[in-house]
There are 2 protein chains.
Amino acid sequence: MSEFNLLFKALNIVEEDLKAEIIQCGVVQTVPKHSYIVEQDKYIKWLAIVISGKVRVWQENEDRQILLYYVNPIETCVLSLSATFRDCKSVVNAKTVEETTIIKLPVRVVTAWSFKYKSWNKFTTESFIFSYEDLLHSYKNLAFNKIDKRVLDYLHTYAKKNKSLSIPLSHSQLAKEIGTTREVISKILKQFELSGLVNLKIKQIELL
Amino acid sequence: MSEFNLLFKALNIVEEDLKAEIIQCGVVQTVPKHSYIVEQDKYIKWLAIVISGKVRVWQENEDRQILLYYVNPIETCVLSLSATFRDCKSVVNAKTVEETTIIKLPVRVVTAWSFKYKSWNKFTTESFIFSYEDLLHSYKNLAFNKIDKRVLDYLHTYAKKNKSLSIPLSHSQLAKEIGTTREVISKILKQFELSGLVNLKIKQIELL
DNA sequence: AAAAACTGGTACCTTTTGTTACAGCTGAAA
DNA sequence: TTTCAGCTGTAACAAAAGGTACCAGTTTTT
């Protein structure tokens with residue numbers, strides 16, 4: 001099935017006019033792994049919807065990072081979605097984790113769709129709601145939980161989303177997800193191992 | 001001017017049908033200070049829009065709190081807005097700071113408006129975008145800044161929003177906004193005073 | 001006016017988190 | 001095979017933040 005048809009099906013887009021508009025102005029693009037999709041402080045000109053692959057979205061401050069979320073197939077980054085309503089610079093970075101196919105839609109064209117097409121309205125609304133709740137959850141987690149709890153949460157969430165108890169991350173990668181340093185992660189993982197919570201291998205953490 | 005007309009004007013609601021619907025199902029209510037508008041884990045049945053007064057929205061965990069945002073006149077709480085699209089329990093608390101007049105709209109009725117009325121679509125979209133960016137800013141702040149910086153940020157933001165260099169909060173109230181304890185705030189404010197950044201009085205912090 | 005509750009100041013200690021420094025290990029490239 | 005960069009482990013130390021305790025004003029309630 002073509003990328004467009006995948007998109008139509010996943011978002012329940014039935015309006016022929018909308019389909020035509022998307023096909024007309026949409027650009028299918030396959031991006032190699034570890035490529036930037038958006039960069040902090042740069043203007044967002046395209047709304048990108050991930051068809052296959054995965055995109056990591058995070059914030060930076062000096063040498064620290066903190067994960068915001070991953071964009072999975074048939075999702076879009078909320079922040080580029082806001083950009084479709086209001087020209088603005090990105091306050092985040094987004095980079096492909098693996099080879100990723102996206103459909104790019106020019107921001108200016110998309111703006112009107114949310115009122116014109118019911119399916120698009122639903123898509124944007126749900127994206128906003130889901131993303132807001134997700135961020136809220138992260139905020140609460142960050143505000144009230146110590147790092148070890150946050151690490152454990154992260155591992156469990158990762159396992160759940162990927163349906164695998166094996167998390168293929170190095171200590172320093174994990175540190176960047178959580179917003180701390182490698183040494184702290186090493187210490188915590190070691191404690192987890194001693195408590196029998198995990199098995200540690202190189203670039204691999206196995207939940208027990 | 002009636003509360004409804006204030007609302008129509010502020011949100012640029014021109015559709016007569018929408019005005020009629022709002023007037024028909026909306027309830028104007030004046031709530032005394034320090035009253036709960038929504039409570040954690042309870043279902044949201046009304047979308048509340050603040051007409052005058054102020055509502056504080058926060059999250060709790062054991063004896064700690066952290067401020068999410070204030071809802072000011074002609075704003076609505078995003079979270080109750082999401083509830084209009086999807087029945088859900090509140091994950092936050094909201095309480096009036098002062099006597100507050102709100103217009104309550106039953107969640108079930110509002111759902112369809114965002115596609116039916118352009119002005120309502122704009123209102124919801126802008127609420128989502130604004131709130132998301134606001135939360136994102138708080139998240140970054142929490143992730144990367146130490147408490148003293150966050151306190152200073154809070155004071156400056158407060159001063160800016162209220163157009164007054166005088167912040168009428170006790171140390172323990174401020175602690176609850178930031179998500180820490182009274183002693184920590186006392187220590188930090190004392191340092192600020194010694195550095196000549198603020199003047200301290202009882203229940204009053206003056207930015208210099 | 002007396003009592004109670006709230007507010008602020010401070011000292012001391014603990015826990016949590018971060019930093020520095022170094023050593024051993026692993027896997028891929030030359 | 002050697003080499004080297006990246007990964008992991010760990011110890012010692014430093015800084016940030018939180019907890020406890022107690023005291024002294026101030027405001028509110030009784």
# chains A, B, ... in the order shown; residues from 1 in each chain; ligands from 1
$ interface_residues --of "chain C" --to "chain B" --cutoff "12 Å" --atoms "only C-alpha atoms (C1' of nucleotides)" --output "PDB file with N, CA and C atoms (P, O5', C5', C4', C3', O3' and C1' of nucleotides), in the first residue's frame"
ATOM      1  P    DC C   6      -2.665  27.003  60.899  1.00  0.00           P
ATOM      2  O5'  DC C   6      -1.750  28.223  60.472  1.00  0.00           O
ATOM      3  C5'  DC C   6      -2.309  29.542  60.459  1.00  0.00           C
ATOM      4  C4'  DC C   6      -1.193  30.540  60.366  1.00  0.00           C
ATOM      5  C3'  DC C   6      -0.154  30.222  59.273  1.00  0.00           C
ATOM      6  O3'  DC C   6      -0.063  31.362  58.440  1.00  0.00           O
ATOM      7  C1'  DC C   6       0.898  30.796  61.301  1.00  0.00           C
ATOM      8  P    DT C   7       0.828  31.321  57.090  1.00  0.00           P
ATOM      9  O5'  DT C   7       2.195  31.955  57.597  1.00  0.00           O
ATOM     10  C5'  DT C   7       2.217  33.306  58.027  1.00  0.00           C
ATOM     11  C4'  DT C   7       3.611  33.652  58.492  1.00  0.00           C
ATOM     12  C3'  DT C   7       4.730  33.250  57.519  1.00  0.00           C
ATOM     13  O3'  DT C   7       5.282  34.439  56.984  1.00  0.00           O
ATOM     14  C1'  DT C   7       5.274  32.762  59.800  1.00  0.00           C
ATOM     15  P    DG C   8       6.427  34.366  55.881  1.00  0.00           P
ATOM     16  O5'  DG C   8       7.738  34.324  56.763  1.00  0.00           O
ATOM     17  C5'  DG C   8       8.027  35.445  57.583  1.00  0.00           C
ATOM     18  C4'  DG C   8       9.237  35.153  58.433  1.00  0.00           C
ATOM     19  C3'  DG C   8      10.494  34.740  57.653  1.00  0.00           C
ATOM     20  O3'  DG C   8      11.504  35.643  58.013  1.00  0.00           O
ATOM     21  C1'  DG C   8      10.108  33.280  59.481  1.00  0.00           C
ATOM     22  P    DG C   9      12.998  35.492  57.449  1.00  0.00           P
ATOM     23  O5'  DG C   9      13.726  34.744  58.643  1.00  0.00           O
ATOM     24  C5'  DG C   9      13.980  35.450  59.856  1.00  0.00           C
ATOM     25  C4'  DG C   9      15.003  34.670  60.659  1.00  0.00           C
ATOM     26  C3'  DG C   9      16.221  34.204  59.853  1.00  0.00           C
ATOM     27  O3'  DG C   9      17.383  34.527  60.598  1.00  0.00           O
ATOM     28  C1'  DG C   9      15.209  32.354  60.929  1.00  0.00           C
ATOM     29  P    DT C  10      18.835  34.359  59.981  1.00  0.00           P
ATOM     30  O5'  DT C  10      19.447  33.155  60.805  1.00  0.00           O
ATOM     31  C5'  DT C  10      18.731  32.633  61.921  1.00  0.00           C
ATOM     32  C4'  DT C  10      19.282  31.270  62.313  1.00  0.00           C
ATOM     33  C3'  DT C  10      20.435  30.747  61.461  1.00  0.00           C
ATOM     34  O3'  DT C  10      21.369  30.160  62.345  1.00  0.00           O
ATOM     35  C1'  DT C  10      18.757  29.135  61.569  1.00  0.00           C
ATOM     36  P    DA C  11      22.933  30.065  61.980  1.00  0.00           P
ATOM     37  O5'  DA C  11      23.352  28.763  62.770  1.00  0.00           O
ATOM     38  C5'  DA C  11      22.763  28.482  64.058  1.00  0.00           C
ATOM     39  C4'  DA C  11      22.659  26.973  64.233  1.00  0.00           C
ATOM     40  C3'  DA C  11      23.815  26.206  63.583  1.00  0.00           C
ATOM     41  O3'  DA C  11      24.315  25.258  64.506  1.00  0.00           O
ATOM     42  C1'  DA C  11      21.748  25.344  62.851  1.00  0.00           C
ATOM     43  P    DT C  17      18.009  11.346  43.558  1.00  0.00           P
ATOM     44  O5'  DT C  17      19.234  12.199  42.998  1.00  0.00           O
ATOM     45  C5'  DT C  17      19.164  13.619  43.068  1.00  0.00           C
ATOM     46  C4'  DT C  17      20.498  14.207  42.655  1.00  0.00           C
ATOM     47  C3'  DT C  17      21.055  13.638  41.337  1.00  0.00           C
ATOM     48  O3'  DT C  17      21.091  14.708  40.418  1.00  0.00           O
ATOM     49  C1'  DT C  17      22.744  13.855  43.010  1.00  0.00           C
TER      50       DT C  17
END
$ residues_around --residues "A:Ile185" --least-positions-apart "4" --cutoff "9 Å" --atoms "only C-alpha atoms (C1' of nucleotides)" --output "ChimeraX atom specification"
/A:147-148,151,171-172,174-175,180-181,189-190
$ residues_around --residues "A:Thr84" --least-positions-apart "2" --cutoff "6 Å" --atoms "only C-alpha atoms (C1' of nucleotides)" --output "count of residues only"
5
$ interface_residues --of "chain D" --to "chain B" --cutoff "10 Å" --atoms "only C-alpha atoms (C1' of nucleotides)" --output "list in words"
DA16, DA17, DG18, DG19 and DT26 of chain D
$ write_last_selection --atoms "C-alpha atoms (C1' of nucleotides)" --output "compact mmCIF listing (two decimals), in the first residue's frame"
# COMPACT_ATOMS: atom_id res chain seq x y z
C1' DA D 16 22.35 20.55 46.20
C1' DA D 17 18.38 19.67 48.43
C1' DG D 18 15.70 17.92 52.05
C1' DG D 19 14.56 16.83 57.08
C1' DT D 26 2.98 37.90 64.47
$ closest_residue --among "A:Lys104, A:His34, A:Lys19, A:Lys118" --to "chain B" --atoms "only C-alpha atoms"
A:Lys118
$ interface_residues --of "chain A" --to "chain B" --cutoff "7 Å" --atoms "only C-alpha atoms" --output "list of chain:residue names"
A:Asn61, A:Ser82, A:Phe115, A:Lys118, A:Asn121, A:Phe128, A:Ile129, A:Tyr132, A:Tyr139, A:Phe144
$ select_by_dssp --residues "stretch 47-101 of chain B" --states "helix (DSSP H, G or I)" --output "list in words"
Val78, Leu79, Ser80, Leu81, Ser82 and Ala83 of chain B
$ write_last_selection --atoms "N, CA, C and O atoms" --output "PDB file, in the first residue's frame"
ATOM      1  N   VAL B  78      -7.094  23.759  30.279  1.00  0.00           N
ATOM      2  CA  VAL B  78      -6.940  22.829  29.160  1.00  0.00           C
ATOM      3  C   VAL B  78      -7.413  21.453  29.491  1.00  0.00           C
ATOM      4  O   VAL B  78      -7.862  20.713  28.634  1.00  0.00           O
ATOM      5  N   LEU B  79      -7.223  21.090  30.755  1.00  0.00           N
ATOM      6  CA  LEU B  79      -7.499  19.711  31.110  1.00  0.00           C
ATOM      7  C   LEU B  79      -8.983  19.445  31.120  1.00  0.00           C
ATOM      8  O   LEU B  79      -9.430  18.366  30.758  1.00  0.00           O
ATOM      9  N   SER B  80      -9.756  20.458  31.487  1.00  0.00           N
ATOM     10  CA  SER B  80     -11.193  20.237  31.389  1.00  0.00           C
ATOM     11  C   SER B  80     -11.607  20.333  29.923  1.00  0.00           C
ATOM     12  O   SER B  80     -12.558  19.701  29.491  1.00  0.00           O
ATOM     13  N   LEU B  81     -10.817  21.075  29.167  1.00  0.00           N
ATOM     14  CA  LEU B  81     -11.076  21.125  27.729  1.00  0.00           C
ATOM     15  C   LEU B  81     -10.853  19.751  27.091  1.00  0.00           C
ATOM     16  O   LEU B  81     -11.652  19.305  26.263  1.00  0.00           O
ATOM     17  N   SER B  82      -9.761  19.083  27.483  1.00  0.00           N
ATOM     18  CA  SER B  82      -9.579  17.726  26.924  1.00  0.00           C
ATOM     19  C   SER B  82     -10.742  16.844  27.311  1.00  0.00           C
ATOM     20  O   SER B  82     -11.153  15.973  26.552  1.00  0.00           O
ATOM     21  N   ALA B  83     -11.250  17.082  28.507  1.00  0.00           N
ATOM     22  CA  ALA B  83     -12.352  16.250  28.971  1.00  0.00           C
ATOM     23  C   ALA B  83     -13.581  16.392  28.086  1.00  0.00           C
ATOM     24  O   ALA B  83     -14.416  15.492  28.020  1.00  0.00           O
TER      25      ALA B  83
END
$ atom_distance --atom1 "atom CA of A:Cys88" --atom2 "atom CA of A:Lys45"
9.0 Å
